[in-house]
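Text of coords15.txt, listed as compact mmCIF, C-alpha atoms:
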# COMPACT_ATOMS: atom_id res chain seq x y z
CA LYS A 352 -5.66 -12.37 9.58
CA ARG A 353 -2.43 -11.27 11.20
CA ILE A 354 -1.57 -7.59 11.53
CA ILE A 355 2.12 -6.87 11.17
CA ALA A 356 3.86 -3.76 12.45
CA LEU A 357 7.52 -3.27 11.58
CA SER A 358 9.65 -1.51 14.14
CA ALA A 359 11.86 1.38 13.10
CA SER A 360 14.47 0.02 15.50
CA ASN A 361 14.58 -3.36 13.78
CA THR A 362 17.71 -3.13 11.64
CA SER A 363 18.55 -6.85 11.62
CA LYS A 364 19.04 -8.98 8.52
CA THR A 365 15.44 -10.12 8.98
CA ALA A 366 14.25 -6.54 8.54
CA GLN A 367 16.49 -6.05 5.49
CA ALA A 368 14.95 -9.15 3.94
CA PHE A 369 11.66 -7.24 3.66
CA GLY A 370 13.29 -5.28 0.85
CA GLU A 371 14.36 -8.32 -1.18
CA GLN A 372 12.29 -9.69 -4.04
CA THR A 373 13.59 -13.22 -3.41
CA TYR A 374 12.32 -13.06 0.17
CA TRP A 375 8.79 -12.15 -0.94
CA GLU A 376 8.79 -14.66 -3.77
CA ARG A 377 9.71 -17.48 -1.37
CA SER A 378 7.19 -16.28 1.21
CA TYR A 379 4.27 -16.22 -1.20
CA VAL A 380 5.20 -19.54 -2.80
CA GLU A 381 4.97 -21.04 0.68
CA ALA A 382 1.68 -19.24 1.30
CA LEU A 383 0.27 -20.69 -1.92
CA LYS A 384 1.34 -24.19 -0.84
CA GLU A 385 -0.29 -23.74 2.56
CA GLU A 386 -3.50 -22.46 1.00
CA ALA A 387 -3.66 -25.38 -1.40
CA GLY A 388 -3.06 -27.84 1.43
CA ASP A 389 -5.59 -26.31 3.80
CA ASN A 390 -8.16 -25.53 1.10
CA ILE A 391 -8.74 -22.07 2.59
CA VAL A 392 -8.50 -19.91 -0.50
CA ASN A 393 -11.35 -17.41 -0.78
CA GLN A 394 -13.36 -19.02 2.02
CA HIS A 395 -14.94 -15.97 3.71
CA GLU A 396 -17.11 -16.46 6.78
CA THR A 397 -18.87 -13.18 5.99
CA ASP A 398 -18.38 -10.41 3.44
CA ALA A 399 -16.60 -8.41 6.15
CA ASP A 400 -14.03 -11.13 6.88
CA PRO A 401 -10.64 -11.20 5.16
CA PRO A 402 -9.51 -14.50 3.65
CA ALA A 403 -7.92 -16.87 6.13
CA ALA A 404 -4.50 -16.45 4.50
CA ALA A 405 -4.62 -12.65 4.77
CA PHE A 406 -1.60 -10.82 6.14
CA SER A 407 -2.40 -7.24 7.17
CA TRP A 408 0.36 -4.65 7.40
CA TYR A 409 0.03 -2.17 10.28
CA CYS A 410 -3.78 -2.03 10.34
CA ARG A 411 -7.03 -3.09 8.73
CA TRP A 412 -8.89 -1.07 6.11
CA GLU A 413 -11.61 -0.21 8.63
CA ASP A 414 -8.96 1.72 10.60
CA LEU A 415 -7.78 3.66 7.54
CA SER A 416 -11.09 4.24 5.82
CA PRO A 417 -12.21 7.34 7.79
CA PHE A 418 -8.98 9.19 7.01
CA PHE A 419 -8.88 8.10 3.38
CA SER A 420 -12.52 9.09 2.83
CA GLU A 421 -12.03 12.49 4.45
CA LEU A 422 -9.01 13.26 2.25
CA LEU A 423 -11.03 12.29 -0.83
CA GLU A 424 -13.75 14.72 0.19
CA LYS A 425 -11.37 17.55 1.07
CA LYS A 426 -9.50 17.21 -2.25
CA ASN A 427 -12.75 16.95 -4.25
CA ILE A 428 -11.77 13.58 -5.69
CA PRO A 429 -14.52 11.76 -7.68
CA SER A 430 -16.77 9.40 -5.73
CA ASN A 431 -15.30 6.33 -7.46
CA PRO A 432 -11.65 7.31 -7.83
CA LYS A 433 -9.03 5.42 -9.76
CA ILE A 434 -6.89 4.02 -6.94
CA LEU A 435 -3.38 2.52 -7.05
CA VAL A 436 -2.20 0.24 -4.23
CA PRO A 437 1.52 -0.66 -4.44
CA GLY A 438 2.95 -3.90 -3.09
CA VAL A 439 -0.35 -5.67 -2.58
CA GLY A 440 0.91 -9.13 -1.61
CA ASN A 441 -1.78 -10.95 0.32
CA ASP A 442 -2.83 -7.95 2.39
CA PRO A 443 -6.67 -7.93 2.36
CA THR A 444 -6.91 -4.13 2.08
CA ILE A 445 -7.98 -4.04 -1.57
CA LEU A 446 -10.64 -6.68 -0.94
CA GLU A 447 -11.95 -4.75 2.05
CA MET A 448 -11.90 -1.48 0.10
CA HIS A 449 -14.17 -3.06 -2.46
CA LYS A 450 -16.47 -5.04 -0.18
CA GLN A 451 -16.77 -2.56 2.68
CA SER A 452 -16.47 0.80 0.90
CA GLY A 453 -17.63 -0.01 -2.61
CA TYR A 454 -14.53 1.13 -4.50
CA SER A 455 -14.57 -0.53 -7.90
CA ASN A 456 -11.69 1.08 -9.78
CA ILE A 457 -8.72 -0.38 -7.92
CA PHE A 458 -5.33 -1.18 -9.43
CA ALA A 459 -2.64 -2.99 -7.45
CA PHE A 460 0.76 -4.48 -8.13
CA ASP A 461 3.61 -6.41 -6.58
CA TYR A 462 7.06 -7.19 -7.90
CA ALA A 463 6.90 -10.80 -6.72
CA PRO A 464 4.85 -12.82 -9.25
CA SER A 465 3.82 -15.32 -6.57
CA ALA A 466 2.41 -12.44 -4.50
CA VAL A 467 0.13 -11.44 -7.36
CA GLU A 468 -0.91 -15.07 -7.81
CA CYS A 469 -1.66 -15.33 -4.11
CA CYS A 470 -3.75 -12.16 -4.26
CA GLN A 471 -5.66 -13.43 -7.29
CA LYS A 472 -6.55 -16.60 -5.41
CA PHE A 473 -7.99 -14.93 -2.35
CA LEU A 474 -9.84 -12.32 -4.40
CA GLY A 475 -11.51 -15.11 -6.31
CA GLU A 476 -12.29 -15.67 -9.98
CA GLU A 477 -15.59 -13.76 -9.98
CA LEU A 478 -14.07 -10.57 -8.58
CA MET A 479 -11.03 -10.79 -10.84
CA GLN A 480 -13.27 -11.14 -13.91
CA SER A 481 -15.42 -8.18 -12.83
CA GLY A 482 -12.62 -5.72 -13.56
CA HIS A 483 -13.22 -3.91 -10.27
CA ILE A 484 -9.71 -4.87 -9.13
CA GLN A 485 -6.85 -5.22 -11.60
CA LEU A 486 -3.49 -6.73 -10.65
CA SER A 487 -0.07 -6.42 -12.26
CA VAL A 488 3.48 -7.58 -11.69
CA ALA A 489 5.56 -4.41 -11.51
CA ASP A 490 8.45 -2.75 -9.67
CA ALA A 491 7.60 0.48 -7.82
CA ARG A 492 10.90 1.97 -8.93
CA ASP A 493 9.87 1.80 -12.59
CA LEU A 494 6.16 1.53 -13.41
CA SER A 495 6.48 2.71 -17.01
CA ASP A 496 5.51 -0.67 -18.48
CA ALA A 497 2.45 -0.94 -16.25
CA TYR A 498 0.90 2.53 -15.94
CA GLY A 499 0.88 5.72 -17.97
CA ASP A 500 1.40 9.30 -16.86
CA GLU A 501 -1.26 10.91 -14.65
CA THR A 502 -3.31 7.70 -14.52
CA PHE A 503 -4.53 7.68 -10.91
CA ASP A 504 -6.54 9.92 -8.63
CA VAL A 505 -5.14 8.40 -5.46
CA VAL A 506 -2.34 6.13 -4.24
CA LEU A 507 -2.64 4.19 -0.98
CA ASP A 508 0.77 2.99 0.20
CA LYS A 509 0.59 0.58 3.11
CA GLY A 510 4.15 -0.30 4.07
CA THR A 511 5.52 -0.70 0.55
CA LEU A 512 7.70 2.41 0.67
CA ASP A 513 9.04 1.11 3.98
CA SER A 514 9.97 -2.18 2.32
CA ILE A 515 11.59 -0.40 -0.63
CA TYR A 516 13.74 1.59 1.77
CA LEU A 517 15.08 -1.66 3.19
CA ILE A 518 16.51 -2.71 -0.19
CA GLY A 519 20.28 -2.53 -0.08
CA ASP A 520 22.79 -2.45 2.75
CA CYS A 521 23.75 1.24 2.80
CA ASN A 522 21.83 4.47 3.20
CA GLU A 523 22.77 5.74 -0.26
CA ILE A 524 21.16 2.74 -1.97
CA LYS A 525 18.13 2.82 0.32
CA TYR A 526 17.57 6.51 -0.40
CA HIS A 527 18.01 6.03 -4.16
CA ASN A 528 15.45 3.22 -4.32
CA LEU A 529 12.95 5.21 -2.30
CA GLU A 530 13.54 8.34 -4.39
CA GLN A 531 12.93 6.44 -7.64
CA SER A 532 9.66 5.09 -6.25
CA VAL A 533 8.40 8.49 -5.13
CA LYS A 534 9.28 9.96 -8.55
CA GLU A 535 7.18 7.23 -10.16
CA LEU A 536 4.26 8.10 -7.90
CA ALA A 537 4.60 11.72 -8.99
CA ARG A 538 4.43 10.56 -12.60
CA VAL A 539 1.35 8.35 -12.30
CA VAL A 540 -0.77 10.56 -9.99
CA GLN A 541 -2.99 13.16 -11.64
CA PRO A 542 -2.66 16.82 -10.63
CA GLY A 543 -5.13 17.31 -7.81
CA GLY A 544 -4.72 13.71 -6.65
CA PHE A 545 -2.87 12.53 -3.58
CA VAL A 546 -0.72 9.84 -1.98
CA MET A 547 -1.55 8.47 1.46
CA SER A 548 1.27 6.50 3.09
CA VAL A 549 1.05 4.24 6.13
CA THR A 550 4.61 3.97 7.40
CA ALA A 551 6.64 2.99 10.47
CA VAL A 552 10.17 2.17 9.29
CA ALA A 553 11.23 4.84 6.80
CA THR A 554 8.87 7.62 7.85
CA ASP A 555 11.42 10.43 8.00
CA ALA A 556 13.14 9.37 4.76
CA ILE A 557 9.82 9.14 2.92
CA ASP A 558 8.80 12.55 4.19
CA GLN A 559 12.15 14.06 3.19
CA ILE A 560 11.98 12.79 -0.38
CA PHE A 561 8.44 14.07 -0.92
CA ASP A 562 9.42 17.45 0.57
CA GLU A 563 12.53 17.72 -1.65
CA MET A 564 10.42 17.52 -4.81
CA ASP A 565 9.76 21.27 -4.89
CA GLY A 566 6.60 22.32 -6.65
CA VAL A 567 5.31 18.74 -7.00
CA TRP A 568 3.76 17.83 -3.63
CA ASP A 569 1.93 19.67 -0.87
CA LYS A 570 1.78 17.91 2.49
CA ILE A 571 -1.80 17.35 3.64
CA LEU A 572 -1.38 14.81 6.45
CA ASP A 573 1.26 14.03 9.10
CA THR A 574 0.44 12.24 12.35
CA ARG A 575 3.97 12.04 13.77
CA GLU A 576 3.62 14.89 16.24
CA GLU A 577 -0.11 15.50 16.42
CA VAL A 578 -3.10 13.19 16.54
CA TYR A 579 -5.35 13.67 13.54
CA ILE A 580 -9.07 13.49 14.26
CA THR A 581 -11.58 13.32 11.42
CA GLU A 582 -14.76 15.36 11.44
CA ASP A 583 -16.58 12.15 12.40
CA GLY A 584 -14.35 11.69 15.44
CA PHE A 585 -11.95 8.95 14.29
CA ALA A 586 -8.46 9.39 15.78
CA SER A 587 -5.18 8.43 14.12
CA VAL A 588 -3.95 6.78 17.36
CA ASN A 589 -5.99 3.75 16.29
CA VAL A 590 -3.52 3.14 13.44
CA ASP A 591 -0.33 1.41 14.57
CA ALA A 592 1.84 3.52 12.25
CA THR A 593 2.29 7.07 10.99
CA LEU A 594 -0.07 8.47 8.37
CA LEU A 595 1.49 10.79 5.81
CA GLY A 596 -0.25 12.44 2.87
CA TRP A 597 0.74 14.63 -0.06
CA ALA A 598 -1.37 16.24 -2.75
CA ARG A 599 -0.17 16.66 -6.34

Show me, as structure tokens, the structure contained in the file I just sent.
Amino acid sequence: KRIIALSASNTSKTAQAFGEQTYWERSYVEALKEEAGDNIVNQHETDADPPAAAFSWYCRWEDLSPFFSELLEKKNIPSNPKILVPGVGNDPTILEMHKQSGYSNIFAFDYAPSAVECCQKFLGEELMQSGHIQLSVADARDLSDAYGDETFDVVLDKGTLDSIYLIGDCNEIKYHNLEQSVKELARVVQPGGFVMSVTAVATDAIDQIFDEMDGVWDKILDTREEVYITEDGFASVNVDATLLGWAR
């Protein structure tokens, strides 16, 4: 149930490892071993609880939900949108989106096969068979084998673009990887849809790449310099990261 916040000032080799597939593959293999040993897979105390092996990035879904819901309403997105969540790992967000908010058209992926396996285990066989959440092994830099053009109404990025930026040991490579990923998001999001990004490491770089795609994205959310308060009174200061949003 840990909540992890990466620091923008953390430029050590440990931080760079967050961008390496081998790092994530090893991490989730170990998580699967721990789960098997402790017999804690899919053992929820209540429907509101994440699985014991959950690893939340930046914040819980309950912190994001008010902002996500308000953007859906403002952009006139259907009540049960087709949602893409990149880099799912064992973050409980997609489970909480379904259980707490009722979303039942969720697609998620990770480029580490063991991460997808780990996610499948804590979601449980019944939910996986329901079709409400569908998982794939895919690389955010090239999603062509996984998803077609203009497939999704909404994308919720929760630290994955940050991790992608950490791939490579020079700024040119980091920028290229991030640019390829944002171009793929532009391809798979329907006109009228949007991307919401929760970011703390590569915030300025992410923002720059979206802004440089002239005529593709319109910025609809940025909490770097001003607190965003929803109509229901929820403030963005409760999220331990920056919220960015762009509409297609």

Near Ile457 in chain A, counting only C-alpha atoms, which residues have an atom at most 7 Å away, once you skip same-chain residues fewer than 6 positions from it, shown as a VMD selection string?
chain A and resid 433 to 435 483 to 485

Distance CA of Ala586 in chain A-CA of Tyr409 in chain A, one decimal place?
15.4 Å

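If you count only C-alpha atoms and draw a sphere of 10 Å around (4.7, -8.3, -6.5), the protein and nucleic acid residues inside it come out as Gln372, Trp375, Glu376, Tyr379, Pro437, Gly438, Val439, Gly440, Asn441, Ala459, Phe460, Asp461, Tyr462, Ala463, Pro464, Ser465, Ala466, Val467, Glu468, Cys469, Cys470, Leu486, Ser487, Val488, Ala489, Asp490 and Ala491 of chain A.
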
Using all atoms listed in the file, pick whichever of A:Ile518, A:Ile571, A:Ile445, A:Val549 has the shortest atom-to-atom distance to Cys410 in chain A.
A:Val549

Applying 12 Å and all atoms listed in the file, which residues near Lys425 in chain A remain after dropping the ones on its own chain fewer than 5 positions away? List them as a list in words.
Phe418, Phe419, Ser420, Ser430, Gly543, Gly544, Phe545, Ile571, Leu572, Thr581, Glu582 and Ala598 of chain A
